[in-house]
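Trainee: Below you will find the structure I want to go over with you.
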Amino acid sequence: MKRRSFFRRAATAAALSALIASPLAYAQETFTLRLAETWGPNFPIFGEATKNMAKMAEEMSDGRLRVRIDSANKHKAPFGVFDMVKAGQYDMGHSASYYWKGKVPNTLFFTSMPFGMTAQEQYAWFYYGDGMELMQEVYEPHNMLSFPGGNTGIQMGGWFRDEINSREDLEGLKMRIPGFAGEVFAEVGVNPTNIPPGELYTALERGTIDAVEWVGPALDLRLGFQQIADYYYTGWHEPATELQFLVNQDTWNELPADLQQILRVAMRTAAYDMMIQSVHENAKAWASIKEEHPNIQVKNFPDDVFQAMVEANEKLLEEAAEGDELAARIIESQEKYLENARAYIDIADRAYLNNMADVE
């Protein structure tokens, strides 16, 4: 009897081992990832990208992969996403790479660069050039992967209380503007600062800052800048602002290969959807601003200001390349890709838009 009992137990153990090792049983294992985003709860467009990604990941995985999103009001650290994902406090993050330039300067190249690539050019660089490989080289030492997380397209140059008529008008001007563009503006006399999104309206209203760059009509209208500042300047600084999905490397390694691929596809699809949603929402919001706020004047920066910014940008890029071999490779890669891509854009998109501008 003891021998039969032993064999029954052994057979049961063997069956359980086979079941656990089987692909079918393995496929039932579920993973719940925690994501921290820089944005507040129900933040339009940006926050919708994370929700879309999470929904797609869960549906495509038949519930095996779930993403729980904590907005800035929950984790209380809108600019702490990098550190939280790096440390494993969160499995994922959604933010913008240039927010980390104070920690890792080379991260800023993967959001948008002044006078650089448009959204379609930049996506081509990421996925068909060497953008993804270079980005991973920057993030790998920090135990993270970074993926494109949604593009706003060309961002507007900002809301100004007073008109900018010359370079002298920039001297001492306090402006919210992040990333490399903030460094460029600093070179021409501006005092740049970075302020969390939820504090921007109050800062502009109270005069803590004189000007604010945020995104474009869709998001700017919601924050109410048109109620404070009359001058809306065209963009130069972020021609293709790409957000990012951060993934902790240890978390990624724990996911089965099929769930890695599902997550990769969900992030890429959500990013694309955010880009086209941005076009749609900006068009609607700009029509509303024109109708309801006829006082708003769209302006280009004066020639001397624009030229000064171009020269400052070139100077800063040269300095970055001289002091950092990886930065030099990233800058060279972006410049070469832009040169090739723009040559085609000039005879395609630009020619079409120029021709259409002449059509009555």
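Each chain in the structure tokens gets a letter, A, B and so on, in the order shown; residues start at 1 in every chain, and ligands are counted from 1 in the order they appear.
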Do a neighbour search on range 223-238 of chain A at 7 Å with only C-alpha atoms, toss out local chain neighbours closer than 6 positions, and write the hits as a ChimeraX atom specification.
Mentor: /A:112-115,154-163,181,201,205,295-301
Trainee: What's the 12 Å shell around Arg222 in chain A, counting only C-alpha atoms, without same-chain residues fewer than 6 positions away, as an MDAnalysis selection string?
Mentor: chainID A and resid 43:45 197:198 200:201 214:216 281:282 285:286 288:289
Trainee: Using the selection just defined, write its residues with N, CA and C atoms as a PDB file, in the first residue's frame.
Mentor:
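As written to disk, part.pdb reads:
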```
ATOM      1  N   PHE A  43      -5.519  63.694 -18.062  1.00  0.00           N
ATOM      2  CA  PHE A  43      -4.874  64.730 -18.868  1.00  0.00           C
ATOM      3  C   PHE A  43      -5.133  64.417 -20.342  1.00  0.00           C
ATOM      4  N   PRO A  44      -5.622  65.393 -21.113  1.00  0.00           N
ATOM      5  CA  PRO A  44      -5.994  65.107 -22.506  1.00  0.00           C
ATOM      6  C   PRO A  44      -4.796  64.747 -23.376  1.00  0.00           C
ATOM      7  N   ILE A  45      -5.024  63.931 -24.330  1.00  0.00           N
ATOM      8  CA  ILE A  45      -4.076  63.496 -25.361  1.00  0.00           C
ATOM      9  C   ILE A  45      -2.918  62.711 -24.734  1.00  0.00           C
ATOM     10  N   PRO A 197       3.184  71.018 -15.336  1.00  0.00           N
ATOM     11  CA  PRO A 197       2.031  71.495 -16.114  1.00  0.00           C
ATOM     12  C   PRO A 197       0.928  72.128 -15.273  1.00  0.00           C
ATOM     13  N   GLY A 198       0.647  71.565 -14.113  1.00  0.00           N
ATOM     14  CA  GLY A 198      -0.452  72.065 -13.301  1.00  0.00           C
ATOM     15  C   GLY A 198      -0.228  73.439 -12.706  1.00  0.00           C
ATOM     16  N   LEU A 200       1.435  76.016 -14.484  1.00  0.00           N
ATOM     17  CA  LEU A 200       1.803  76.961 -15.532  1.00  0.00           C
ATOM     18  C   LEU A 200       0.881  78.173 -15.585  1.00  0.00           C
ATOM     19  N   TYR A 201      -0.428  77.941 -15.542  1.00  0.00           N
ATOM     20  CA  TYR A 201      -1.382  79.056 -15.650  1.00  0.00           C
ATOM     21  C   TYR A 201      -1.171  80.057 -14.524  1.00  0.00           C
ATOM     22  N   TRP A 214       4.126  75.681 -24.043  1.00  0.00           N
ATOM     23  CA  TRP A 214       3.585  74.410 -23.575  1.00  0.00           C
ATOM     24  C   TRP A 214       3.540  73.451 -24.749  1.00  0.00           C
ATOM     25  N   VAL A 215       2.468  73.415 -25.516  1.00  0.00           N
ATOM     26  CA  VAL A 215       2.418  72.438 -26.600  1.00  0.00           C
ATOM     27  C   VAL A 215       1.890  73.083 -27.879  1.00  0.00           C
ATOM     28  N   GLY A 216       0.565  73.174 -27.970  1.00  0.00           N
ATOM     29  CA  GLY A 216      -0.100  73.714 -29.149  1.00  0.00           C
ATOM     30  C   GLY A 216      -1.536  74.027 -28.779  1.00  0.00           C
ATOM     31  N   GLU A 281      -7.051  67.445 -32.757  1.00  0.00           N
ATOM     32  CA  GLU A 281      -7.438  68.321 -31.647  1.00  0.00           C
ATOM     33  C   GLU A 281      -6.876  69.723 -31.801  1.00  0.00           C
ATOM     34  N   ASN A 282      -5.677  69.852 -32.351  1.00  0.00           N
ATOM     35  CA  ASN A 282      -5.106  71.183 -32.560  1.00  0.00           C
ATOM     36  C   ASN A 282      -5.912  71.981 -33.584  1.00  0.00           C
ATOM     37  N   ALA A 285      -9.083  73.135 -31.832  1.00  0.00           N
ATOM     38  CA  ALA A 285      -8.824  74.162 -30.827  1.00  0.00           C
ATOM     39  C   ALA A 285      -8.438  75.488 -31.468  1.00  0.00           C
ATOM     40  N   TRP A 286      -7.666  75.442 -32.561  1.00  0.00           N
ATOM     41  CA  TRP A 286      -7.267  76.693 -33.200  1.00  0.00           C
ATOM     42  C   TRP A 286      -8.474  77.401 -33.805  1.00  0.00           C
ATOM     43  N   SER A 288     -11.413  77.316 -32.599  1.00  0.00           N
ATOM     44  CA  SER A 288     -12.109  77.884 -31.445  1.00  0.00           C
ATOM     45  C   SER A 288     -11.425  79.158 -30.958  1.00  0.00           C
ATOM     46  N   ILE A 289     -10.105  79.137 -30.895  1.00  0.00           N
ATOM     47  CA  ILE A 289      -9.365  80.321 -30.440  1.00  0.00           C
ATOM     48  C   ILE A 289      -9.601  81.487 -31.389  1.00  0.00           C
TER      49      ILE A 289
END
```
Trainee: Using only C-alpha atoms, which protein or nucleic acid residues come within 10 Å of range 65-81 of chain A? Drop anything in the same chain fewer than 4 positions from it, and give the result as a PyMOL selection string.
Mentor: chain A and resi 29-43+47+50-51+53-61+85-87+89-96+99-100+195-198+246+255+259-260+262-263
Trainee: Dump N, CA and C atoms for the selected residues as a short mmCIF file (atom, residue, chain, number, x, y, z; two decimals), in the first residue's frame?
Mentor:
```cif
data_model
loop_
_atom_site.label_atom_id
_atom_site.label_comp_id
_atom_site.auth_asym_id
_atom_site.auth_seq_id
_atom_site.Cartn_x
_atom_site.Cartn_y
_atom_site.Cartn_z
N GLU A 29 -0.19 32.61 -17.18
CA GLU A 29 0.44 33.48 -16.19
C GLU A 29 0.14 34.94 -16.54
N THR A 30 -0.24 35.69 -15.53
CA THR A 30 -0.59 37.11 -15.76
C THR A 30 0.44 38.02 -15.12
N PHE A 31 0.58 39.19 -15.72
CA PHE A 31 1.53 40.19 -15.23
C PHE A 31 0.80 41.53 -15.11
N THR A 32 0.96 42.18 -13.99
CA THR A 32 0.40 43.52 -13.79
C THR A 32 1.55 44.49 -13.59
N LEU A 33 1.68 45.42 -14.52
CA LEU A 33 2.76 46.41 -14.47
C LEU A 33 2.21 47.73 -13.95
N ARG A 34 2.99 48.42 -13.17
CA ARG A 34 2.61 49.73 -12.66
C ARG A 34 3.33 50.81 -13.46
N LEU A 35 2.59 51.79 -13.94
CA LEU A 35 3.13 52.86 -14.77
C LEU A 35 2.92 54.20 -14.08
N ALA A 36 3.96 55.00 -13.96
CA ALA A 36 3.88 56.36 -13.43
C ALA A 36 3.97 57.34 -14.58
N GLU A 37 3.03 58.27 -14.67
CA GLU A 37 3.08 59.27 -15.73
C GLU A 37 3.30 60.66 -15.14
N THR A 38 3.91 61.52 -15.93
CA THR A 38 4.18 62.89 -15.50
C THR A 38 2.90 63.71 -15.43
N TRP A 39 1.88 63.30 -16.16
CA TRP A 39 0.68 64.10 -16.30
C TRP A 39 -0.32 63.83 -15.17
N GLY A 40 -1.22 64.76 -14.98
CA GLY A 40 -2.27 64.61 -14.00
C GLY A 40 -3.36 63.66 -14.48
N PRO A 41 -4.32 63.35 -13.62
CA PRO A 41 -5.37 62.41 -14.00
C PRO A 41 -6.24 62.96 -15.13
N ASN A 42 -6.58 62.09 -16.07
CA ASN A 42 -7.43 62.45 -17.21
C ASN A 42 -6.84 63.59 -18.04
N PHE A 43 -5.52 63.69 -18.06
CA PHE A 43 -4.87 64.73 -18.87
C PHE A 43 -5.13 64.42 -20.34
N GLY A 47 -2.41 61.77 -21.56
CA GLY A 47 -2.95 60.74 -20.70
C GLY A 47 -3.76 59.70 -21.44
N THR A 50 -1.49 56.76 -22.70
CA THR A 50 -1.19 55.69 -21.75
C THR A 50 -2.38 54.76 -21.59
N LYS A 51 -3.57 55.33 -21.52
CA LYS A 51 -4.78 54.50 -21.38
C LYS A 51 -4.98 53.62 -22.62
N MET A 53 -2.66 52.55 -24.64
CA MET A 53 -1.64 51.51 -24.62
C MET A 53 -2.03 50.39 -23.68
N ALA A 54 -2.48 50.75 -22.47
CA ALA A 54 -2.84 49.74 -21.48
C ALA A 54 -4.01 48.89 -21.96
N LYS A 55 -5.00 49.53 -22.58
CA LYS A 55 -6.17 48.81 -23.08
C LYS A 55 -5.78 47.82 -24.17
N MET A 56 -4.94 48.27 -25.10
CA MET A 56 -4.51 47.39 -26.19
C MET A 56 -3.69 46.22 -25.66
N ALA A 57 -2.79 46.50 -24.72
CA ALA A 57 -1.95 45.43 -24.18
C ALA A 57 -2.80 44.36 -23.50
N GLU A 58 -3.80 44.78 -22.74
CA GLU A 58 -4.65 43.81 -22.06
C GLU A 58 -5.50 43.02 -23.05
N GLU A 59 -6.05 43.69 -24.04
CA GLU A 59 -6.90 43.00 -25.01
C GLU A 59 -6.09 42.03 -25.88
N MET A 60 -4.93 42.49 -26.36
CA MET A 60 -4.13 41.63 -27.23
C MET A 60 -3.58 40.42 -26.48
N SER A 61 -3.36 40.57 -25.17
CA SER A 61 -2.82 39.47 -24.38
C SER A 61 -3.91 38.62 -23.75
N VAL A 85 11.27 54.62 -12.14
CA VAL A 85 11.36 53.45 -13.03
C VAL A 85 12.75 52.82 -12.93
N LYS A 86 13.75 53.64 -12.86
CA LYS A 86 15.12 53.12 -12.74
C LYS A 86 15.26 52.26 -11.49
N ALA A 87 14.69 52.71 -10.38
CA ALA A 87 14.82 51.99 -9.11
C ALA A 87 13.87 50.81 -8.99
N GLN A 89 10.63 51.13 -8.54
CA GLN A 89 9.41 51.48 -7.80
C GLN A 89 8.20 51.38 -8.72
N TYR A 90 8.42 51.69 -9.98
CA TYR A 90 7.42 51.50 -11.03
C TYR A 90 8.04 50.67 -12.14
N ASP A 91 7.21 49.88 -12.80
CA ASP A 91 7.69 49.06 -13.91
C ASP A 91 7.83 49.88 -15.19
N MET A 92 6.98 50.90 -15.33
CA MET A 92 6.96 51.70 -16.55
C MET A 92 6.76 53.17 -16.20
N GLY A 93 7.04 54.02 -17.18
CA GLY A 93 6.78 55.45 -17.04
C GLY A 93 6.34 56.03 -18.36
N HIS A 94 5.67 57.17 -18.29
CA HIS A 94 5.32 57.91 -19.50
C HIS A 94 5.64 59.36 -19.22
N SER A 95 6.55 59.91 -20.01
CA SER A 95 7.02 61.28 -19.75
C SER A 95 7.67 61.79 -21.03
N ALA A 96 8.65 62.68 -20.88
CA ALA A 96 9.39 63.21 -22.03
C ALA A 96 10.88 63.13 -21.71
N TYR A 99 13.22 65.87 -20.06
CA TYR A 99 13.11 66.24 -18.65
C TYR A 99 14.28 65.72 -17.83
N TRP A 100 15.03 64.76 -18.37
CA TRP A 100 16.09 64.14 -17.60
C TRP A 100 17.47 64.69 -17.96
N ILE A 195 8.51 74.21 -15.16
CA ILE A 195 7.46 74.20 -14.15
C ILE A 195 6.49 73.08 -14.48
N PRO A 196 6.03 72.31 -13.49
CA PRO A 196 5.05 71.24 -13.77
C PRO A 196 3.80 71.80 -14.45
N PRO A 197 3.18 71.02 -15.34
CA PRO A 197 2.03 71.50 -16.11
C PRO A 197 0.93 72.13 -15.27
N GLY A 198 0.65 71.57 -14.11
CA GLY A 198 -0.45 72.06 -13.30
C GLY A 198 -0.23 73.44 -12.71
N LEU A 246 8.93 54.54 -20.72
CA LEU A 246 10.08 53.93 -20.07
C LEU A 246 9.68 52.57 -19.52
N LEU A 255 9.16 39.37 -18.53
CA LEU A 255 8.01 39.11 -19.40
C LEU A 255 8.34 38.03 -20.43
N LEU A 259 4.64 38.47 -24.65
CA LEU A 259 4.12 39.67 -23.97
C LEU A 259 5.03 40.88 -24.21
N GLN A 260 6.31 40.63 -24.36
CA GLN A 260 7.21 41.73 -24.74
C GLN A 260 6.78 42.31 -26.08
N ILE A 262 3.80 42.07 -27.50
CA ILE A 262 2.50 42.73 -27.35
C ILE A 262 2.66 44.12 -26.76
N LEU A 263 3.50 44.24 -25.74
CA LEU A 263 3.73 45.55 -25.13
C LEU A 263 4.39 46.49 -26.13
#
```
Trainee: Restricting the calculation to only C-alpha atoms, which member of A:Ser97, A:Gln307, A:Gln120, A:Asn191 is positioned closest to Phe147 in chain A?
Mentor: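 Between A:Ser97, A:Gln307, A:Gln120, A:Asn191, the residue approaching Phe147 in chain A most closely is A:Ser97.
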Trainee: Can you work out which one of A:Pro217, A:Ile345, A:Met175, A:Leu145 has the shortest atom-to-atom distance to Asn253 in chain A, counting only C-alpha atoms?
Mentor: A:Leu145
Trainee: Rank nothing, just name the residue among A:Gln122, A:Asn151, A:Asn143, A:Gln28 nearest to Thr251 in chain A, using only C-alpha atoms.
Mentor: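 Ranked by minimum distance to Thr251 in chain A, first place goes to A:Asn143.
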Trainee: For Leu338 in chain A, work out the shell of residues within 8 Å, counting only C-alpha atoms and skipping chain neighbours fewer than 2 positions away, then give it as a list of chain:residue names.
Mentor: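 So the residues in contact are A:Gly116, A:Met117, A:Glu121, A:Gln334, A:Glu335, A:Lys336, A:Asn340, A:Ala341, A:Arg342.
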Trainee: List every residue of range 144-184 of chain A that DSSP, applied to the backbone of this structure, assigns to helix (DSSP H, G or I), and report them as an NGL selection string.
Mentor: :A and (167-170 or 179-184)
Trainee: Write the selection just made, keeping all heavy atoms, as a PDB file, in the first residue's frame?
Mentor:
```pdb
ATOM      1  N   ARG A 167      15.817  91.442 -30.369  1.00  0.00           N
ATOM      2  CA  ARG A 167      16.532  90.585 -29.412  1.00  0.00           C
ATOM      3  C   ARG A 167      16.562  91.217 -28.024  1.00  0.00           C
ATOM      4  O   ARG A 167      16.549  90.512 -27.015  1.00  0.00           O
ATOM      5  CB  ARG A 167      17.951  90.330 -29.917  1.00  0.00           C
ATOM      6  CG  ARG A 167      18.744  89.402 -29.019  1.00  0.00           C
ATOM      7  CD  ARG A 167      20.059  88.995 -29.625  1.00  0.00           C
ATOM      8  NE  ARG A 167      20.865  88.229 -28.688  1.00  0.00           N
ATOM      9  CZ  ARG A 167      22.029  87.695 -28.975  1.00  0.00           C
ATOM     10  NH1 ARG A 167      22.532  87.835 -30.202  1.00  0.00           N
ATOM     11  NH2 ARG A 167      22.705  87.021 -28.061  1.00  0.00           N
ATOM     12  N   GLU A 168      16.581  92.528 -27.960  1.00  0.00           N
ATOM     13  CA  GLU A 168      16.630  93.207 -26.669  1.00  0.00           C
ATOM     14  C   GLU A 168      15.418  92.875 -25.806  1.00  0.00           C
ATOM     15  O   GLU A 168      15.488  92.880 -24.572  1.00  0.00           O
ATOM     16  CB  GLU A 168      16.725  94.723 -26.864  1.00  0.00           C
ATOM     17  CG  GLU A 168      18.092  95.230 -27.313  1.00  0.00           C
ATOM     18  CD  GLU A 168      18.440  94.809 -28.741  1.00  0.00           C
ATOM     19  OE1 GLU A 168      17.502  94.701 -29.572  1.00  0.00           O
ATOM     20  OE2 GLU A 168      19.636  94.570 -29.015  1.00  0.00           O
ATOM     21  N   ASP A 169      14.302  92.563 -26.444  1.00  0.00           N
ATOM     22  CA  ASP A 169      13.084  92.250 -25.688  1.00  0.00           C
ATOM     23  C   ASP A 169      13.179  90.912 -24.959  1.00  0.00           C
ATOM     24  O   ASP A 169      12.344  90.617 -24.090  1.00  0.00           O
ATOM     25  CB  ASP A 169      11.873  92.227 -26.625  1.00  0.00           C
ATOM     26  CG  ASP A 169      11.530  93.601 -27.166  1.00  0.00           C
ATOM     27  OD1 ASP A 169      11.806  94.594 -26.468  1.00  0.00           O
ATOM     28  OD2 ASP A 169      10.997  93.675 -28.289  1.00  0.00           O
ATOM     29  N   LEU A 170      14.181  90.112 -25.309  1.00  0.00           N
ATOM     30  CA  LEU A 170      14.358  88.822 -24.647  1.00  0.00           C
ATOM     31  C   LEU A 170      15.231  88.926 -23.400  1.00  0.00           C
ATOM     32  O   LEU A 170      15.234  88.003 -22.564  1.00  0.00           O
ATOM     33  CB  LEU A 170      14.986  87.806 -25.609  1.00  0.00           C
ATOM     34  CG  LEU A 170      14.169  87.424 -26.840  1.00  0.00           C
ATOM     35  CD1 LEU A 170      14.957  86.448 -27.704  1.00  0.00           C
ATOM     36  CD2 LEU A 170      12.828  86.810 -26.452  1.00  0.00           C
ATOM     37  N   GLY A 179      14.214  71.593 -22.011  1.00  0.00           N
ATOM     38  CA  GLY A 179      15.031  70.938 -23.018  1.00  0.00           C
ATOM     39  C   GLY A 179      16.141  71.811 -23.583  1.00  0.00           C
ATOM     40  O   GLY A 179      16.546  72.830 -23.019  1.00  0.00           O
ATOM     41  N   PHE A 180      16.627  71.401 -24.736  1.00  0.00           N
ATOM     42  CA  PHE A 180      17.716  72.104 -25.401  1.00  0.00           C
ATOM     43  C   PHE A 180      17.280  73.514 -25.798  1.00  0.00           C
ATOM     44  O   PHE A 180      18.084  74.442 -25.824  1.00  0.00           O
ATOM     45  CB  PHE A 180      18.146  71.321 -26.643  1.00  0.00           C
ATOM     46  CG  PHE A 180      19.562  71.579 -27.077  1.00  0.00           C
ATOM     47  CD1 PHE A 180      20.621  71.046 -26.371  1.00  0.00           C
ATOM     48  CD2 PHE A 180      19.828  72.348 -28.199  1.00  0.00           C
ATOM     49  CE1 PHE A 180      21.933  71.279 -26.769  1.00  0.00           C
ATOM     50  CE2 PHE A 180      21.127  72.585 -28.616  1.00  0.00           C
ATOM     51  CZ  PHE A 180      22.190  72.048 -27.901  1.00  0.00           C
ATOM     52  N   ALA A 181      15.989  73.671 -26.092  1.00  0.00           N
ATOM     53  CA  ALA A 181      15.481  74.990 -26.464  1.00  0.00           C
ATOM     54  C   ALA A 181      15.662  75.987 -25.333  1.00  0.00           C
ATOM     55  O   ALA A 181      15.935  77.171 -25.567  1.00  0.00           O
ATOM     56  CB  ALA A 181      14.009  74.896 -26.849  1.00  0.00           C
ATOM     57  N   GLY A 182      15.513  75.525 -24.089  1.00  0.00           N
ATOM     58  CA  GLY A 182      15.748  76.404 -22.957  1.00  0.00           C
ATOM     59  C   GLY A 182      17.185  76.883 -22.915  1.00  0.00           C
ATOM     60  O   GLY A 182      17.461  78.052 -22.595  1.00  0.00           O
ATOM     61  N   GLU A 183      18.111  75.986 -23.256  1.00  0.00           N
ATOM     62  CA  GLU A 183      19.520  76.377 -23.286  1.00  0.00           C
ATOM     63  C   GLU A 183      19.780  77.375 -24.420  1.00  0.00           C
ATOM     64  O   GLU A 183      20.571  78.312 -24.267  1.00  0.00           O
ATOM     65  CB  GLU A 183      20.389  75.131 -23.450  1.00  0.00           C
ATOM     66  CG  GLU A 183      20.282  74.154 -22.292  1.00  0.00           C
ATOM     67  CD  GLU A 183      21.175  72.942 -22.476  1.00  0.00           C
ATOM     68  OE1 GLU A 183      22.222  73.067 -23.145  1.00  0.00           O
ATOM     69  OE2 GLU A 183      20.818  71.864 -21.956  1.00  0.00           O
ATOM     70  N   VAL A 184      19.126  77.168 -25.555  1.00  0.00           N
ATOM     71  CA  VAL A 184      19.276  78.099 -26.670  1.00  0.00           C
ATOM     72  C   VAL A 184      18.754  79.476 -26.276  1.00  0.00           C
ATOM     73  O   VAL A 184      19.413  80.503 -26.497  1.00  0.00           O
ATOM     74  CB  VAL A 184      18.529  77.588 -27.924  1.00  0.00           C
ATOM     75  CG1 VAL A 184      18.488  78.660 -29.011  1.00  0.00           C
ATOM     76  CG2 VAL A 184      19.185  76.320 -28.449  1.00  0.00           C
TER      77      VAL A 184
END
```
Trainee: Would you please work out which residue, of A:Glu171, A:Glu137, A:Glu242, A:Asp83, is nearest to Tyr272 in chain A when using only C-alpha atoms?
Mentor: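 Using only C-alpha atoms, Tyr272 in chain A sits closest to A:Glu242.
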Trainee: Do you have the CA of Gly131 in chain A-CA of Glu332 in chain A distance handy?
Mentor: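 Those two atoms sit 11.3 Å apart.
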Trainee: Which residue gives the smallest distance to Ala308 in chain A among A:Glu254, A:Arg64, A:Val188, A:Gly149, with only C-alpha atoms counted?
Mentor: A:Val188
